[in-house]
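Chemist: Got my_file10.txt for you, compact mmCIF, C-alpha atoms:
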```
# COMPACT_ATOMS: atom_id res chain seq x y z
CA MET A 1 35.44 40.45 79.05
CA LEU A 2 32.60 39.44 76.70
CA LEU A 3 33.21 37.47 73.52
CA HIS A 4 30.93 36.05 70.86
CA GLY A 5 31.27 32.79 69.00
CA HIS A 6 31.28 32.55 65.20
CA SER A 7 28.20 30.37 64.69
CA ARG A 8 24.68 31.61 63.97
CA LYS A 9 23.76 31.25 67.62
CA ARG A 10 25.51 33.84 69.71
CA LYS A 11 27.81 32.26 72.27
CA GLN A 12 29.26 34.13 75.20
CA ALA A 13 32.42 33.51 77.17
CA PHE A 14 33.39 35.43 80.28
CA LYS A 15 36.81 35.76 81.88
CA ARG A 16 37.43 38.03 84.83
CA GLY A 17 40.31 38.86 87.11
CA PHE A 18 42.78 40.51 84.71
CA LYS A 19 45.03 43.13 86.31
CA LEU A 20 45.84 44.85 83.02
CA GLN A 21 43.73 45.58 79.95
CA ARG A 22 46.57 44.18 77.86
CA ASP A 23 46.19 40.79 79.57
CA ALA A 24 42.46 40.81 78.90
CA LYS A 25 43.06 41.61 75.25
CA ASN A 26 45.64 38.83 74.94
CA TRP A 27 43.16 36.35 76.42
CA GLU A 28 40.48 37.52 73.98
CA ASN A 29 42.80 37.13 70.99
CA ASP A 30 43.87 33.66 72.06
CA PHE A 31 40.29 32.59 72.71
CA LEU A 32 39.31 33.64 69.18
CA LYS A 33 42.25 31.71 67.76
CA GLN A 34 41.20 28.70 69.78
CA ILE A 35 37.58 28.61 68.62
CA HIS A 36 38.68 29.14 65.00
CA GLY A 37 41.27 26.35 65.28
CA SER A 38 44.20 28.61 64.50
CA SER A 39 47.72 27.18 64.65
CA ASP A 40 48.95 30.37 66.32
CA MET A 41 46.88 29.75 69.46
CA THR A 42 48.93 29.35 72.62
CA PHE A 43 50.06 25.97 73.87
CA GLN A 44 47.78 26.50 76.89
CA SER A 45 44.74 26.81 74.61
CA LEU A 46 45.77 23.71 72.68
CA TYR A 47 46.13 21.88 75.99
CA ASP A 48 42.60 22.89 77.03
CA ILE A 49 41.18 21.49 73.77
CA TYR A 50 43.34 18.36 73.94
CA ILE A 51 42.33 17.48 77.50
CA LYS A 52 38.65 18.03 76.70
CA ASP A 53 39.02 15.65 73.75
CA MET A 54 40.79 13.08 75.94
CA CYS A 55 38.01 13.20 78.54
CA SER A 56 35.55 11.75 76.02
CA ARG A 57 37.91 8.98 74.91
CA TYR A 58 39.96 7.80 77.89
CA LYS A 59 39.39 6.72 81.46
CA GLU A 60 39.40 9.43 84.11
CA ASN A 61 42.55 8.19 85.85
CA THR A 62 44.43 8.24 82.52
CA VAL A 63 43.38 11.85 81.90
CA ASP A 64 44.33 12.77 85.47
CA GLY A 65 47.81 11.37 84.86
CA TYR A 66 48.19 13.53 81.76
CA ARG A 67 46.93 16.62 83.60
CA THR A 68 49.49 16.15 86.36
CA VAL A 69 52.44 15.85 83.99
CA PHE A 70 51.36 18.75 81.77
CA ARG A 71 50.71 21.11 84.67
CA LYS A 72 53.94 20.24 86.43
CA LEU A 73 56.45 19.84 83.61
CA ILE A 74 55.15 21.07 80.25
CA LEU A 75 52.75 24.01 80.63
CA PRO A 76 55.17 26.10 82.73
CA TYR A 77 57.63 25.88 79.84
CA PHE A 78 55.39 26.19 76.77
CA GLY A 79 52.03 27.43 78.06
CA LYS A 80 52.22 31.05 76.82
CA LYS A 81 54.02 30.25 73.56
CA ALA A 82 52.14 30.08 70.23
CA ILE A 83 52.23 26.48 69.04
CA ASN A 84 53.45 27.45 65.56
CA LYS A 85 56.40 29.25 67.17
CA ILE A 86 57.66 26.21 69.07
CA THR A 87 60.84 24.99 67.38
CA ALA A 88 62.92 21.85 67.58
CA LYS A 89 65.46 23.96 69.48
CA ASP A 90 62.79 24.80 72.09
CA ILE A 91 61.89 21.12 72.47
CA ARG A 92 65.55 20.20 72.78
CA ALA A 93 66.10 22.81 75.48
CA TRP A 94 63.06 21.55 77.39
CA GLN A 95 64.32 17.96 77.10
CA THR A 96 67.70 18.99 78.52
CA GLU A 97 65.98 20.62 81.48
CA MET A 98 63.94 17.47 82.11
CA ILE A 99 66.99 15.21 81.82
CA ASN A 100 68.87 17.38 84.32
CA LYS A 101 66.09 16.85 86.86
CA GLY A 102 67.28 13.27 87.22
CA TYR A 103 64.10 11.51 86.16
CA SER A 104 64.26 7.84 85.15
CA ASP A 105 64.56 6.90 81.48
CA ALA A 106 61.06 5.43 81.56
CA TYR A 107 59.57 8.66 82.98
CA LEU A 108 61.49 10.84 80.51
CA LEU A 109 60.10 8.75 77.66
CA ARG A 110 56.59 9.06 79.09
CA ILE A 111 56.60 12.87 79.31
CA ASN A 112 58.27 13.13 75.91
CA ASN A 113 55.54 10.97 74.40
CA MET A 114 52.94 13.31 75.90
CA ILE A 115 54.30 16.43 74.20
CA VAL A 116 54.71 14.51 70.94
CA SER A 117 51.09 13.40 71.21
CA ILE A 118 49.61 16.84 71.84
CA LEU A 119 51.57 18.43 68.99
CA ASN A 120 50.56 15.57 66.68
CA PHE A 121 46.99 16.45 67.68
CA ALA A 122 47.67 20.04 66.57
CA VAL A 123 49.11 18.83 63.24
CA ASN A 124 46.14 16.58 62.55
CA TYR A 125 43.32 18.91 63.56
CA TYR A 126 44.59 22.49 63.89
CA ASP A 127 46.80 22.97 60.83
CA LEU A 128 50.15 23.01 62.63
CA PRO A 129 52.56 22.54 59.69
CA SER A 130 54.78 19.99 61.41
CA ASN A 131 55.64 18.55 64.80
CA PRO A 132 58.95 20.01 66.05
CA CYS A 133 59.42 17.01 68.34
CA HIS A 134 60.22 14.79 65.36
CA LYS A 135 63.19 16.93 64.44
CA ALA A 136 64.31 17.31 68.06
CA GLY A 137 64.42 13.56 68.66
CA SER A 138 63.31 11.67 71.72
CA MET A 139 64.59 11.36 75.28
CA GLY A 140 64.56 8.48 77.69
CA LYS A 141 63.96 4.88 76.75
CA ARG A 142 61.61 2.06 77.59
CA THR A 143 63.10 -0.37 80.05
CA THR A 144 61.06 -3.45 80.82
CA VAL A 145 62.09 -4.63 84.25
CA VAL A 146 59.92 -7.46 85.51
CA ASN A 147 60.44 -8.59 89.07
CA PHE A 148 58.59 -11.65 90.31
CA TRP A 149 58.58 -14.49 92.80
CA THR A 150 59.27 -17.93 91.41
CA ILE A 151 56.96 -20.69 92.59
CA GLU A 152 59.68 -21.82 95.03
CA GLU A 153 59.99 -18.31 96.46
CA TYR A 154 56.23 -17.94 96.66
CA GLU A 155 55.87 -21.22 98.56
CA ASN A 156 58.33 -19.89 101.14
CA ILE A 157 56.43 -16.62 101.31
CA ILE A 158 52.98 -18.14 101.74
CA THR A 159 54.23 -20.57 104.41
CA SER A 160 55.40 -17.62 106.50
CA VAL A 161 52.04 -15.78 106.33
CA THR A 162 49.89 -16.54 109.35
CA ASP A 163 47.34 -13.72 109.06
CA ARG A 164 44.17 -15.14 107.47
CA THR A 165 43.35 -12.08 105.35
CA ALA A 166 46.91 -11.69 104.09
CA HIS A 167 47.08 -15.41 103.27
CA ILE A 168 44.02 -15.49 100.99
CA MET A 169 45.06 -12.15 99.47
CA PHE A 170 48.43 -13.59 98.41
CA GLN A 171 46.78 -16.77 97.12
CA ILE A 172 44.37 -14.87 94.89
CA PHE A 173 47.04 -12.53 93.54
CA TYR A 174 49.54 -15.29 92.78
CA TYR A 175 47.11 -17.69 91.17
CA SER A 176 44.98 -15.16 89.24
CA GLY A 177 47.23 -12.39 87.93
CA PHE A 178 44.62 -9.75 88.84
CA ARG A 179 45.54 -6.09 88.76
CA CYS A 180 45.46 -4.47 92.18
CA GLY A 181 42.35 -2.39 91.39
CA GLU A 182 40.57 -5.48 90.05
CA PHE A 183 41.32 -7.39 93.25
CA LEU A 184 40.24 -4.57 95.56
CA ALA A 185 36.96 -4.13 93.67
CA LEU A 186 35.89 -7.78 94.09
CA THR A 187 32.44 -8.37 95.58
CA LEU A 188 30.54 -11.55 96.39
CA GLU A 189 28.55 -11.32 93.16
CA ASP A 190 31.84 -11.74 91.24
CA ILE A 191 32.55 -15.12 92.82
CA ASP A 192 31.26 -18.42 91.43
CA PHE A 193 32.16 -21.01 94.06
CA GLU A 194 30.29 -23.78 92.26
CA ASN A 195 32.45 -23.53 89.13
CA ASN A 196 35.59 -22.10 90.80
CA LYS A 197 35.59 -18.89 88.76
CA ILE A 198 36.02 -15.20 89.49
CA SER A 199 34.63 -12.53 87.16
CA ILE A 200 36.34 -9.19 86.62
CA SER A 201 33.89 -6.44 85.68
CA LYS A 202 35.11 -3.41 87.64
CA ASN A 203 38.16 -1.65 88.98
CA LEU A 204 38.86 0.38 92.11
CA ARG A 205 41.01 3.49 92.13
CA ARG A 206 41.79 6.07 94.76
CA ALA A 207 41.18 9.76 93.98
CA GLY A 208 40.77 12.73 96.28
CA GLY A 209 40.93 10.51 99.33
CA LYS A 210 37.96 8.45 98.12
CA ASP A 211 37.57 4.97 96.65
CA ILE A 212 36.02 5.12 93.18
CA ILE A 213 34.69 2.10 91.30
CA THR A 214 35.20 2.31 87.53
CA SER A 215 35.13 -0.05 84.58
CA PRO A 216 38.27 -2.20 84.07
CA LYS A 217 41.33 -0.86 82.27
CA THR A 218 40.40 -2.08 78.76
CA PRO A 219 37.52 -4.03 77.16
CA LYS A 220 39.63 -7.22 77.26
CA SER A 221 40.06 -6.71 81.00
CA VAL A 222 36.43 -7.75 81.46
CA ARG A 223 36.88 -11.50 81.82
CA THR A 224 36.15 -14.60 83.87
CA VAL A 225 39.14 -16.37 85.36
CA ALA A 226 39.11 -20.04 86.33
CA MET A 227 40.79 -20.59 89.69
CA PRO A 228 42.35 -23.61 91.44
CA ALA A 229 39.97 -25.36 93.82
CA PHE A 230 42.37 -25.01 96.78
CA VAL A 231 42.31 -21.21 96.41
CA MET A 232 38.53 -21.08 96.04
CA ASN A 233 38.03 -23.35 99.07
CA GLU A 234 40.15 -21.02 101.16
CA LEU A 235 38.27 -18.00 99.80
CA LYS A 236 34.94 -19.65 100.69
CA GLU A 237 36.07 -20.18 104.27
CA TYR A 238 37.24 -16.57 104.45
CA VAL A 239 33.97 -15.19 103.03
CA ASP A 240 31.92 -17.34 105.43
CA SER A 241 33.79 -15.69 108.30
CA LEU A 242 32.70 -12.19 107.20
CA PHE A 243 29.56 -11.56 109.20
CA GLY A 244 26.67 -9.99 107.30
CA ILE A 245 28.52 -9.20 104.06
CA THR A 246 26.19 -8.49 101.13
CA ASP A 247 26.63 -9.41 97.46
CA LYS A 248 27.64 -5.89 96.49
CA GLU A 249 30.06 -5.20 99.34
CA ARG A 250 33.78 -5.34 98.71
CA ILE A 251 35.33 -8.52 100.07
CA PHE A 252 38.68 -6.84 100.70
CA PRO A 253 37.89 -3.27 101.85
CA PHE A 254 41.48 -2.24 102.51
CA THR A 255 44.09 -0.14 100.71
CA LYS A 256 47.31 -0.61 98.77
CA SER A 257 49.28 0.34 101.88
CA TYR A 258 47.93 -2.76 103.63
CA ILE A 259 49.04 -4.97 100.71
CA ASN A 260 52.48 -3.34 100.66
CA GLY A 261 52.76 -3.91 104.39
CA CYS A 262 51.96 -7.61 103.96
CA ILE A 263 54.61 -7.94 101.24
CA THR A 264 57.21 -6.15 103.38
CA ARG A 265 56.56 -8.33 106.43
CA ALA A 266 56.61 -11.57 104.41
CA CYS A 267 59.88 -10.65 102.71
CA LYS A 268 61.47 -9.65 106.02
CA ALA A 269 60.41 -12.95 107.57
CA THR A 270 61.78 -15.09 104.70
CA GLY A 271 64.68 -13.05 103.36
CA ILE A 272 63.14 -13.20 99.87
CA LYS A 273 63.45 -10.10 97.69
CA LYS A 274 60.75 -7.45 98.04
CA ILE A 275 58.56 -6.83 95.01
CA ARG A 276 55.83 -4.32 94.17
CA ILE A 277 52.13 -5.06 94.23
CA HIS A 278 52.03 -5.14 90.42
CA ASP A 279 54.88 -7.66 90.47
CA LEU A 280 52.45 -10.16 91.98
CA ARG A 281 50.76 -10.04 88.56
CA HIS A 282 54.15 -10.62 86.92
CA SER A 283 54.68 -13.53 89.31
CA HIS A 284 51.51 -15.19 88.06
CA ALA A 285 52.60 -14.71 84.45
CA SER A 286 56.03 -16.21 85.16
CA TYR A 287 54.34 -19.15 86.87
CA LEU A 288 52.19 -19.76 83.77
CA ILE A 289 55.27 -19.61 81.56
CA HIS A 290 56.89 -22.13 83.91
CA LEU A 291 53.84 -24.37 83.27
CA ASP A 292 54.40 -24.04 79.48
CA CYS A 293 51.20 -22.05 78.89
CA SER A 294 50.93 -20.36 75.50
CA PRO A 295 51.23 -16.56 75.18
CA LEU A 296 47.61 -16.44 73.92
CA LEU A 297 46.30 -18.20 77.04
CA ILE A 298 48.38 -15.95 79.31
CA SER A 299 47.18 -12.86 77.45
CA GLU A 300 43.52 -13.83 77.87
CA ARG A 301 43.96 -14.67 81.53
CA LEU A 302 45.71 -11.38 82.32
CA GLY A 303 43.23 -9.36 80.27
CA HIS A 304 45.81 -7.92 77.90
CA GLU A 305 44.37 -6.12 74.90
CA LYS A 306 46.88 -7.79 72.55
CA VAL A 307 48.98 -10.95 72.68
CA GLN A 308 51.93 -8.80 71.63
CA THR A 309 51.70 -6.98 74.96
CA THR A 310 52.26 -10.29 76.72
CA LEU A 311 55.18 -11.18 74.47
CA ASN A 312 56.80 -7.76 74.85
CA THR A 313 56.46 -7.78 78.64
CA TYR A 314 57.61 -11.33 79.28
CA SER A 315 59.83 -12.10 76.27
CA HIS A 316 62.92 -12.31 78.49
CA LEU A 317 61.33 -15.22 80.38
CA TYR A 318 60.93 -17.29 77.22
CA PRO A 319 64.62 -17.85 76.24
CA ASN A 320 64.87 -20.58 78.91
CA LYS A 321 62.12 -22.37 77.02
CA GLN A 322 64.04 -22.17 73.75
CA GLN A 323 66.65 -24.67 74.89
CA GLU A 324 63.91 -26.96 76.20
CA LEU A 325 62.31 -26.81 72.75
CA VAL A 326 65.60 -27.68 71.03
CA ASP A 327 66.12 -30.58 73.44
CA MET A 328 62.64 -31.92 72.60
CA MET A 329 63.30 -31.66 68.85
CA GLU A 330 66.61 -33.46 69.20
CA ALA A 331 65.03 -36.19 71.33
CA ALA A 332 62.23 -36.62 68.79
CA HIS A 333 64.80 -36.77 65.99
CA ASP A 334 66.93 -39.38 67.78
CA ASN A 335 63.86 -41.43 68.61
CA GLY A 336 62.77 -41.31 64.99
CA HIS A 337 66.13 -42.65 63.87
CA LYS A 338 65.87 -45.52 66.38
CA ILE A 339 62.43 -46.48 65.08
CA TYR A 340 63.71 -46.30 61.50
CA ALA A 341 66.70 -48.46 62.36
CA LYS A 342 64.45 -51.15 63.89
CA THR A 343 62.17 -51.29 60.84
CA ALA A 344 64.96 -51.18 58.27
```
Could I get this file's structure written as structure tokens?
Modeler:
Amino acid sequence: MLLHGHSRKRKQAFKRGFKLQRDAKNWENDFLKQIHGSSDMTFQSLYDIYIKDMCSRYKENTVDGYRTVFRKLILPYFGKKAINKITAKDIRAWQTEMINKGYSDAYLLRINNMIVSILNFAVNYYDLPSNPCHKAGSMGKRTTVVNFWTIEEYENIITSVTDRTAHIMFQIFYYSGFRCGEFLALTLEDIDFENNKISISKNLRRAGGKDIITSPKTPKSVRTVAMPAFVMNELKEYVDSLFGITDKERIFPFTKSYINGCITRACKATGIKKIRIHDLRHSHASYLIHLDCSPLLISERLGHEKVQTTLNTYSHLYPNKQQELVDMMEAAHDNGHKIYAKTA
């Protein structure tokens, strides 16, 4: 099948492997609708354009996540349907099917947001009259569940850890709030032992059985984090024990499964609740809240793009501080009255 583009320069597109001439003709018609930006292109064609657009704007692992969900749960349902023929009833039926699969509320919300996003894209750039998702309503809900170790629980955990590598790993996670990929990507050139600081400038992710170094999650994720001297002293001893390591070699060349194994063993040894790797980051945030650090300081340390992200994620940890604040105001008020009474 040979097609020509609509610009002055002749463009050619080839597609082979059709069993029937009718299928070839359908592909040709849809391709023409796609290159002309027609709202009666198929959902599959819209998806192809949408993913290409995402590739130039988002990190590769984010796009991969979208691809997986679309291919598994959305394209099989809507792929061959013209986007201007998708109704609120169709969206509602798809939502019902997804709900009946037993997915969590958080996952249902995530996949619903994806179909809303792609059809908004069609409304904004390909003349789709309206987004049927808005009429259909949403599914799922956002549930912020933050598990963490308190400082008392962490002290029990770290006391039980006798393996040298696991010990410094836990220390860095708990006292830095690093994301897992940020931690695994650390090299000697990121460490400033003289000033007790660690710089985050890269991230490690696993794809296709290979470790890939990328830029951090967001621009704000590029940061330098001041660390306690006792953690840095332990890290220095650990690094000195690594024979022949170069500045650009990873200090911790292991995988998430190793970290999970360390968490599992420590929890089994102490009887303390098991948490996820990412909950080590939450543990650091809860520790900072315990130390009365401001949301702005916590946000900067964690590399959040916005302070509001910090407040939204950890708002449930702040109510305990509200009563402390009231107690301080009452104490200040009572003290003021005593001073006034003495001078009167």
Chemist: Point out the residue among A:Leu108, A:Ile251, A:Cys133, A:Met98 with the least atom-to-atom distance to Ile168 in chain A, counting all atoms listed in the file.
Modeler: A:Ile251
Chemist: Excluding range 205-218 of chain A and any residue of its chain fewer than 5 positions from it, enumerate the residues within 10 Å of it, using only C-alpha atoms, and give them as a PDB file with C-alpha atoms, keeping the file's coordinate frame.
Modeler:
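around-v1.pdb, freshly written:
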```pdb
ATOM      1  CA  TYR A  58      39.960   7.800  77.890  1.00  0.00           C
ATOM      2  CA  LYS A  59      39.390   6.720  81.460  1.00  0.00           C
ATOM      3  CA  GLU A  60      39.400   9.430  84.110  1.00  0.00           C
ATOM      4  CA  ASN A  61      42.550   8.190  85.850  1.00  0.00           C
ATOM      5  CA  THR A  62      44.430   8.240  82.520  1.00  0.00           C
ATOM      6  CA  ASP A  64      44.330  12.770  85.470  1.00  0.00           C
ATOM      7  CA  ARG A 179      45.540  -6.090  88.760  1.00  0.00           C
ATOM      8  CA  CYS A 180      45.460  -4.470  92.180  1.00  0.00           C
ATOM      9  CA  GLY A 181      42.350  -2.390  91.390  1.00  0.00           C
ATOM     10  CA  GLU A 182      40.570  -5.480  90.050  1.00  0.00           C
ATOM     11  CA  LEU A 184      40.240  -4.570  95.560  1.00  0.00           C
ATOM     12  CA  ALA A 185      36.960  -4.130  93.670  1.00  0.00           C
ATOM     13  CA  ILE A 200      36.340  -9.190  86.620  1.00  0.00           C
ATOM     14  CA  ARG A 223      36.880 -11.500  81.820  1.00  0.00           C
ATOM     15  CA  PRO A 253      37.890  -3.270 101.850  1.00  0.00           C
ATOM     16  CA  THR A 255      44.090  -0.140 100.710  1.00  0.00           C
ATOM     17  CA  LYS A 256      47.310  -0.610  98.770  1.00  0.00           C
ATOM     18  CA  GLY A 303      43.230  -9.360  80.270  1.00  0.00           C
ATOM     19  CA  HIS A 304      45.810  -7.920  77.900  1.00  0.00           C
ATOM     20  CA  GLU A 305      44.370  -6.120  74.900  1.00  0.00           C
TER      21      GLU A 305
END
```
Chemist: List as a ChimeraX atom specification the protein and nucleic acid residues near Arg71 in chain A, meaning an atom at most 10 Å away when only C-alpha atoms are counted, but skip any in the same chain fewer than 5 places from it.
Modeler: /A:44,47,66,76-77,79
Chemist: Looking at A:Asn124, A:Ile289, A:Leu73, A:Lys101, which one is nearest to Ser315 in chain A, with distances taken over all atoms listed in the file?
Modeler: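 Answer, going by the shortest atom-to-atom distance: A:Ile289.
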Chemist: Ranking A:Thr246, A:Thr264, A:Asn131, A:Thr68 by minimum distance to Val116 in chain A and counting only C-alpha atoms, which one comes first?
Modeler: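 Between A:Thr246, A:Thr264, A:Asn131, A:Thr68, the residue approaching Val116 in chain A most closely is A:Asn131.
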Chemist: To one decimal place in Å, what is the distance between CA of Lys85 in chain A and CA of Arg142 in chain A?
Modeler: 29.6 Å
Chemist: What is the distance, in Å and to one decimal place, between CA of Tyr314 in chain A and CA of Met329 in chain A?
Modeler: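 Distance reported for this atom pair: 23.5 Å.
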Chemist: Take CA of Cys267 in chain A and CA of Thr313 in chain A and report the distance between them in Å, one decimal.
Modeler: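 That distance, rounded to one decimal, is 24.5 Å.
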Chemist: Compile the contact shell of Cys262 in chain A as an mmCIF file with C-alpha atoms, keeping the file's coordinate frame: residues with an atom at most 12 Å away, counting all atoms listed in the file, same-chain residues fewer than 5 positions apart removed.
Modeler:
```
data_model
loop_
_atom_site.group_PDB
_atom_site.id
_atom_site.type_symbol
_atom_site.label_atom_id
_atom_site.label_comp_id
_atom_site.auth_asym_id
_atom_site.auth_seq_id
_atom_site.Cartn_x
_atom_site.Cartn_y
_atom_site.Cartn_z
ATOM 1 C CA ILE A 157 56.430 -16.620 101.310
ATOM 2 C CA ILE A 158 52.980 -18.140 101.740
ATOM 3 C CA SER A 160 55.400 -17.620 106.500
ATOM 4 C CA VAL A 161 52.040 -15.780 106.330
ATOM 5 C CA THR A 162 49.890 -16.540 109.350
ATOM 6 C CA ASP A 163 47.340 -13.720 109.060
ATOM 7 C CA ARG A 164 44.170 -15.140 107.470
ATOM 8 C CA THR A 165 43.350 -12.080 105.350
ATOM 9 C CA ALA A 166 46.910 -11.690 104.090
ATOM 10 C CA HIS A 167 47.080 -15.410 103.270
ATOM 11 C CA ILE A 168 44.020 -15.490 100.990
ATOM 12 C CA MET A 169 45.060 -12.150 99.470
ATOM 13 C CA PHE A 170 48.430 -13.590 98.410
ATOM 14 C CA PHE A 254 41.480 -2.240 102.510
ATOM 15 C CA THR A 255 44.090 -0.140 100.710
ATOM 16 C CA LYS A 256 47.310 -0.610 98.770
ATOM 17 C CA SER A 257 49.280 0.340 101.880
ATOM 18 C CA CYS A 267 59.880 -10.650 102.710
ATOM 19 C CA LYS A 268 61.470 -9.650 106.020
ATOM 20 C CA ALA A 269 60.410 -12.950 107.570
ATOM 21 C CA LYS A 274 60.750 -7.450 98.040
ATOM 22 C CA ILE A 275 58.560 -6.830 95.010
ATOM 23 C CA ARG A 276 55.830 -4.320 94.170
ATOM 24 C CA ILE A 277 52.130 -5.060 94.230
#
```
Chemist: Just checking: using all atoms listed in the file, which residue out of A:Phe148, A:Glu300, A:Gly244, A:Gln308 ends up closest to His278 in chain A?
Modeler: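 When distances to His278 in chain A are compared using all atoms listed in the file, the smallest one comes from A:Phe148.
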Chemist: Counting only C-alpha atoms, what is within 8 Å of Ile198 in chain A, bar same-chain residues fewer than 5 positions away, as a PyMOL selection string?
Modeler: chain A and resi 190-192+224-227
Chemist: Those residues with C-alpha atoms, as a PDB file, keeping the file's coordinate frame please?
Modeler:
```
ATOM      1  CA  ASP A 190      31.840 -11.740  91.240  1.00  0.00           C
ATOM      2  CA  ILE A 191      32.550 -15.120  92.820  1.00  0.00           C
ATOM      3  CA  ASP A 192      31.260 -18.420  91.430  1.00  0.00           C
ATOM      4  CA  THR A 224      36.150 -14.600  83.870  1.00  0.00           C
ATOM      5  CA  VAL A 225      39.140 -16.370  85.360  1.00  0.00           C
ATOM      6  CA  ALA A 226      39.110 -20.040  86.330  1.00  0.00           C
ATOM      7  CA  MET A 227      40.790 -20.590  89.690  1.00  0.00           C
TER       8      MET A 227
END
```
Chemist: Could you check which of A:Ser294, A:Thr310, A:Asn233, A:Asn120 is closest to Glu194 in chain A, using all atoms listed in the file?
Modeler: A:Asn233
Chemist: With distances taken over all atoms listed in the file, which residue among A:Leu325, A:Gly140, A:Leu311, A:Ser117 lies nearest Gly102 in chain A?
Modeler: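 So, comparing all the options, the nearest one is A:Gly140.
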Chemist: Counting only C-alpha atoms, which residues sit no farther than 6 Å from the position (63.3, 9.6, 76.4) in the file's frame? I'd like them as a PDB file with C-alpha atoms, in the frame of the given file.
Modeler:
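Contents of the output file point-v3.pdb:
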```
ATOM      1  CA  ASP A 105      64.560   6.900  81.480  1.00  0.00           C
ATOM      2  CA  LEU A 108      61.490  10.840  80.510  1.00  0.00           C
ATOM      3  CA  LEU A 109      60.100   8.750  77.660  1.00  0.00           C
ATOM      4  CA  SER A 138      63.310  11.670  71.720  1.00  0.00           C
ATOM      5  CA  MET A 139      64.590  11.360  75.280  1.00  0.00           C
ATOM      6  CA  GLY A 140      64.560   8.480  77.690  1.00  0.00           C
ATOM      7  CA  LYS A 141      63.960   4.880  76.750  1.00  0.00           C
TER       8      LYS A 141
END
```
Chemist: When you look at Tyr287 in chain A with a cut-off of 10 Å (counting all atoms listed in the file), what residues show up, excluding the ones that are within fewer than 4 positions of it in the same chain? I need them as a list in words.
Modeler: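 Near neighbours after the sequence-gap exclusion: Phe148, Trp149, Thr150, Ile151, Tyr174, Tyr175, Gly177, Arg281, His282, Ser283, Leu291, Asp292 and Cys293 of chain A.
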